[in-house]
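A.B. asks: Take this structure, written in structure tokens, and hold onto it; I'll ask about it next.
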Amino acid sequence: MAATYLMNWNRAFSWFPGGGGFVGHTWSLAMEEQFYFIWPFTLLLLIRCRPAAPFIILGLIATVVSWRIYLVHSGAPPERTYDGFDVHSDSLLIGCAAAFVPIGSRIKSLAQNLLIIPIASLAIILFTFHWDSSRAQSFGITLAGLSSAWIMVAAMQDGVLKTILSMKILVYTGRISYAWYLWFYPIFIFGTHALPKFYEKPLVVVFSYMAAMASYHLVERPFLKLKDRFEPKGVAKHQSDSIKHYSYTTSREA
């Protein structure tokens with residue numbers, strides 16, 4: 001299921017027992033890949049009606065949220081209402097909606113000045129919502145997505161948040177975050193059986209971070225260098241020029 005990017009549906013409908021075992025966490029990766037398959041075609045349609053695009057996306061978000069709430073209150077199991085692409089794609093769509101909205105300096109400043117709101121929202125969700133509770137499944141997922149988008153917009157403005165996120169340790173953690181994502185869950189499952197209960201969670205965090213560092217430096221970086229050797233000449237320069245043009249256009253619009 002992990003190799004075919006169908007782990008989310010496997011967990012949602014219990015196709016195979018065990019929820020995927022050591023690779024069960026790839027449900028989120030599967031959801032992203034399914035989104036990447038659908039979004040380009042959706043984007044082509046939205047570009048043709050760009051003024052209405054944000055409203056169309058908001059309509060899609062409302063549809064996803066309404067469908068999830070209906071399933072929750074119809075007694076669907078939490079795995080169905082959490083792992084299915086049709087009920088958990090609202091957070092991805094929130095990011096898409098933000099991409100179609102001009103985010104100027106005023107919006108960034110407002111987002112930064114009111115940063116306590118999304119931080120408090122995420123804290124409430126993290127510490128008081130259990131993942132399979134009806135409130136978490138009904139609106140907690142969407143609230144987490146909105147709060148995360150808010151924080152990302154605030155981080156675009158110079159200030160304390162941007163300074164904190166620019167710290168070397170956090171930048172480095174961002175670089176190895178994919179490896180950390182891959183390693184954390186298997187080590188967590190192993191740790192629940194092999195590590196002392198009192199030190200279990202801290203040790204899982206430490207060991208998975210160390211594993212991510214090792215795989216990043218011993219696997220990812222060598223393969224990225226190998227990729228650069230076989231990359232056609234001029235592709236990297238074209239990509240760099242495209243990024244510079246996009247950054248310039250974005251700054252002009254802001």
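In the structure tokens, chains take letters A, B, ... by order of appearance, with residues numbered from 1 within each chain and ligands from 1 in the order shown.
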Please list as a list in words every residue within 7 Å of stretch 105-108 of chain A, counting only C-alpha atoms and excluding residues in the same chain fewer than 4 positions away.
C.D. replies: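 After dropping sequence-adjacent residues, the list is Gln112, Val153, Ala154, Met156, Gln157 and Ala254 of chain A.
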A.B. asks: Those residues you just picked out, can you put them in a file as a CSV table (one decimal), in the first residue's frame with C-alpha atoms?
C.D. replies:
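See result_35.csv below for the written result:
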chain,number,residue,atom,x,y,z
A,112,GLN,CA,1.9,38.8,12.6
A,153,VAL,CA,1.7,34.2,6.1
A,154,ALA,CA,3.0,35.8,9.3
A,156,MET,CA,6.6,36.1,5.4
A,157,GLN,CA,6.9,39.4,7.3
A,254,ALA,CA,3.0,42.7,-2.7
A.B. asks: Which residues are close to stretch 129-135 of chain A, i.e. within 10 Å by only C-alpha atoms, leaving aside same-chain residues fewer than 6 positions away? Reply as a list in words.
C.D. replies: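 Neighbouring residues, sequence-local ones excluded: Ile69, Val72, His73, Gly75, Pro77, Pro78, Glu79, Thr81, Tyr82, Leu122, Ala123 and Ile141 of chain A.
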A.B. asks: Please produce a file of the residues just selected, as an mmCIF file, in the first residue's frame, where the atoms kept are C-alpha atoms.
C.D. replies:
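File out_23.cif, as written:
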data_model
loop_
_atom_site.group_PDB
_atom_site.id
_atom_site.type_symbol
_atom_site.label_atom_id
_atom_site.label_comp_id
_atom_site.auth_asym_id
_atom_site.auth_seq_id
_atom_site.Cartn_x
_atom_site.Cartn_y
_atom_site.Cartn_z
ATOM 1 C CA ILE A 69 -19.044 16.402 9.446
ATOM 2 C CA VAL A 72 -18.687 11.934 11.705
ATOM 3 C CA HIS A 73 -22.259 12.382 12.880
ATOM 4 C CA GLY A 75 -21.129 7.163 12.981
ATOM 5 C CA PRO A 77 -15.083 5.361 12.250
ATOM 6 C CA PRO A 78 -12.381 8.000 12.901
ATOM 7 C CA GLU A 79 -9.973 6.247 10.520
ATOM 8 C CA THR A 81 -12.967 10.578 8.535
ATOM 9 C CA TYR A 82 -9.263 11.212 9.120
ATOM 10 C CA LEU A 122 -3.024 24.951 17.665
ATOM 11 C CA ALA A 123 -2.190 24.647 21.374
ATOM 12 C CA ILE A 141 -8.709 19.408 11.162
#
A.B. asks: Quick one: distance from atom CA of A:Tyr36 to atom CA of A:Met1 in Å, one decimal?
C.D. replies: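 Between atom CA of A:Tyr36 and atom CA of A:Met1 the gap works out to 17.6 Å.
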A.B. asks: Report as a list in words all protein, DNA and RNA residues lying within 12 Å of A:Thr63, evaluated on only C-alpha atoms, omitting residues in the same chain fewer than 3 positions from it.
C.D. replies: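 Those residues are Ile56, Ile57, Leu58, Gly59, Leu60, Ser66, Trp67, Arg68, Ile69, Tyr70, Asp86, Val87, His88, Ser89, Asp90 and Leu93 of chain A.
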A.B. asks: Between A:Trp27, A:Phe188, A:Trp183, A:Phe41, which one has atoms that come closest to A:Gly84, using only C-alpha atoms?
C.D. replies: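 Closest to A:Gly84 of all the choices is A:Trp27.
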A.B. asks: Quick one: everything within 12 Å of A:Leu46, counting only C-alpha atoms, minus sequence neighbours fewer than 3 positions away in the same chain. Send it as a PDB file with N, CA and C atoms, in the first residue's frame.
C.D. replies:
ATOM      1  N   TRP A  39      -4.497  18.100  -8.655  1.00  0.00           N
ATOM      2  CA  TRP A  39      -4.416  19.555  -8.628  1.00  0.00           C
ATOM      3  C   TRP A  39      -4.002  20.192  -9.957  1.00  0.00           C
ATOM      4  N   PRO A  40      -3.021  19.667 -10.704  1.00  0.00           N
ATOM      5  CA  PRO A  40      -2.646  20.335 -11.966  1.00  0.00           C
ATOM      6  C   PRO A  40      -3.818  20.532 -12.921  1.00  0.00           C
ATOM      7  N   PHE A  41      -4.675  19.529 -13.026  1.00  0.00           N
ATOM      8  CA  PHE A  41      -5.835  19.650 -13.919  1.00  0.00           C
ATOM      9  C   PHE A  41      -6.845  20.665 -13.360  1.00  0.00           C
ATOM     10  N   THR A  42      -6.990  20.659 -12.040  1.00  0.00           N
ATOM     11  CA  THR A  42      -7.881  21.634 -11.404  1.00  0.00           C
ATOM     12  C   THR A  42      -7.339  23.048 -11.593  1.00  0.00           C
ATOM     13  N   LEU A  43      -6.030  23.180 -11.468  1.00  0.00           N
ATOM     14  CA  LEU A  43      -5.397  24.488 -11.606  1.00  0.00           C
ATOM     15  C   LEU A  43      -5.611  25.067 -13.000  1.00  0.00           C
ATOM     16  N   CYS A  49     -10.613  30.987 -15.002  1.00  0.00           N
ATOM     17  CA  CYS A  49     -11.589  31.846 -14.323  1.00  0.00           C
ATOM     18  C   CYS A  49     -10.959  32.385 -13.041  1.00  0.00           C
ATOM     19  N   ARG A  50      -9.805  33.008 -13.210  1.00  0.00           N
ATOM     20  CA  ARG A  50      -8.989  33.413 -12.071  1.00  0.00           C
ATOM     21  C   ARG A  50      -9.724  34.296 -11.057  1.00  0.00           C
ATOM     22  N   PRO A  51     -10.517  35.298 -11.463  1.00  0.00           N
ATOM     23  CA  PRO A  51     -11.192  36.128 -10.450  1.00  0.00           C
ATOM     24  C   PRO A  51     -12.084  35.327  -9.513  1.00  0.00           C
ATOM     25  N   ALA A  52     -12.675  34.273 -10.030  1.00  0.00           N
ATOM     26  CA  ALA A  52     -13.582  33.466  -9.207  1.00  0.00           C
ATOM     27  C   ALA A  52     -12.875  32.303  -8.529  1.00  0.00           C
ATOM     28  N   ALA A  53     -11.590  32.102  -8.825  1.00  0.00           N
ATOM     29  CA  ALA A  53     -10.862  30.932  -8.323  1.00  0.00           C
ATOM     30  C   ALA A  53     -10.891  30.807  -6.803  1.00  0.00           C
ATOM     31  N   PRO A  54     -10.613  31.894  -6.041  1.00  0.00           N
ATOM     32  CA  PRO A  54     -10.645  31.748  -4.574  1.00  0.00           C
ATOM     33  C   PRO A  54     -12.003  31.288  -4.053  1.00  0.00           C
ATOM     34  N   PHE A  55     -13.080  31.777  -4.673  1.00  0.00           N
ATOM     35  CA  PHE A  55     -14.422  31.408  -4.232  1.00  0.00           C
ATOM     36  C   PHE A  55     -14.744  29.951  -4.583  1.00  0.00           C
ATOM     37  N   ILE A  56     -14.231  29.508  -5.734  1.00  0.00           N
ATOM     38  CA  ILE A  56     -14.430  28.110  -6.120  1.00  0.00           C
ATOM     39  C   ILE A  56     -13.716  27.186  -5.133  1.00  0.00           C
ATOM     40  N   ILE A  57     -12.478  27.570  -4.773  1.00  0.00           N
ATOM     41  CA  ILE A  57     -11.709  26.757  -3.821  1.00  0.00           C
ATOM     42  C   ILE A  57     -12.381  26.760  -2.456  1.00  0.00           C
ATOM     43  N   CYS A  96      -4.054  26.240  -1.254  1.00  0.00           N
ATOM     44  CA  CYS A  96      -4.335  26.621  -2.641  1.00  0.00           C
ATOM     45  C   CYS A  96      -5.088  27.947  -2.703  1.00  0.00           C
ATOM     46  N   ALA A  97      -6.034  28.116  -1.795  1.00  0.00           N
ATOM     47  CA  ALA A  97      -6.798  29.367  -1.761  1.00  0.00           C
ATOM     48  C   ALA A  97      -5.880  30.541  -1.457  1.00  0.00           C
ATOM     49  N   ALA A  99      -2.843  30.835  -2.243  1.00  0.00           N
ATOM     50  CA  ALA A  99      -2.004  31.125  -3.418  1.00  0.00           C
ATOM     51  C   ALA A  99      -2.719  32.020  -4.415  1.00  0.00           C
ATOM     52  N   PHE A 100      -4.043  32.033  -4.399  1.00  0.00           N
ATOM     53  CA  PHE A 100      -4.808  32.844  -5.333  1.00  0.00           C
ATOM     54  C   PHE A 100      -5.190  34.203  -4.755  1.00  0.00           C
TER      55      PHE A 100
END
A.B. asks: Rank A:Ser91, A:Ile38, A:Trp150, A:Ser138 by their smallest atom-to-atom distance to A:Pro118, using only C-alpha atoms, and report the top residue only.
C.D. replies: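 Closest candidate: A:Trp150.
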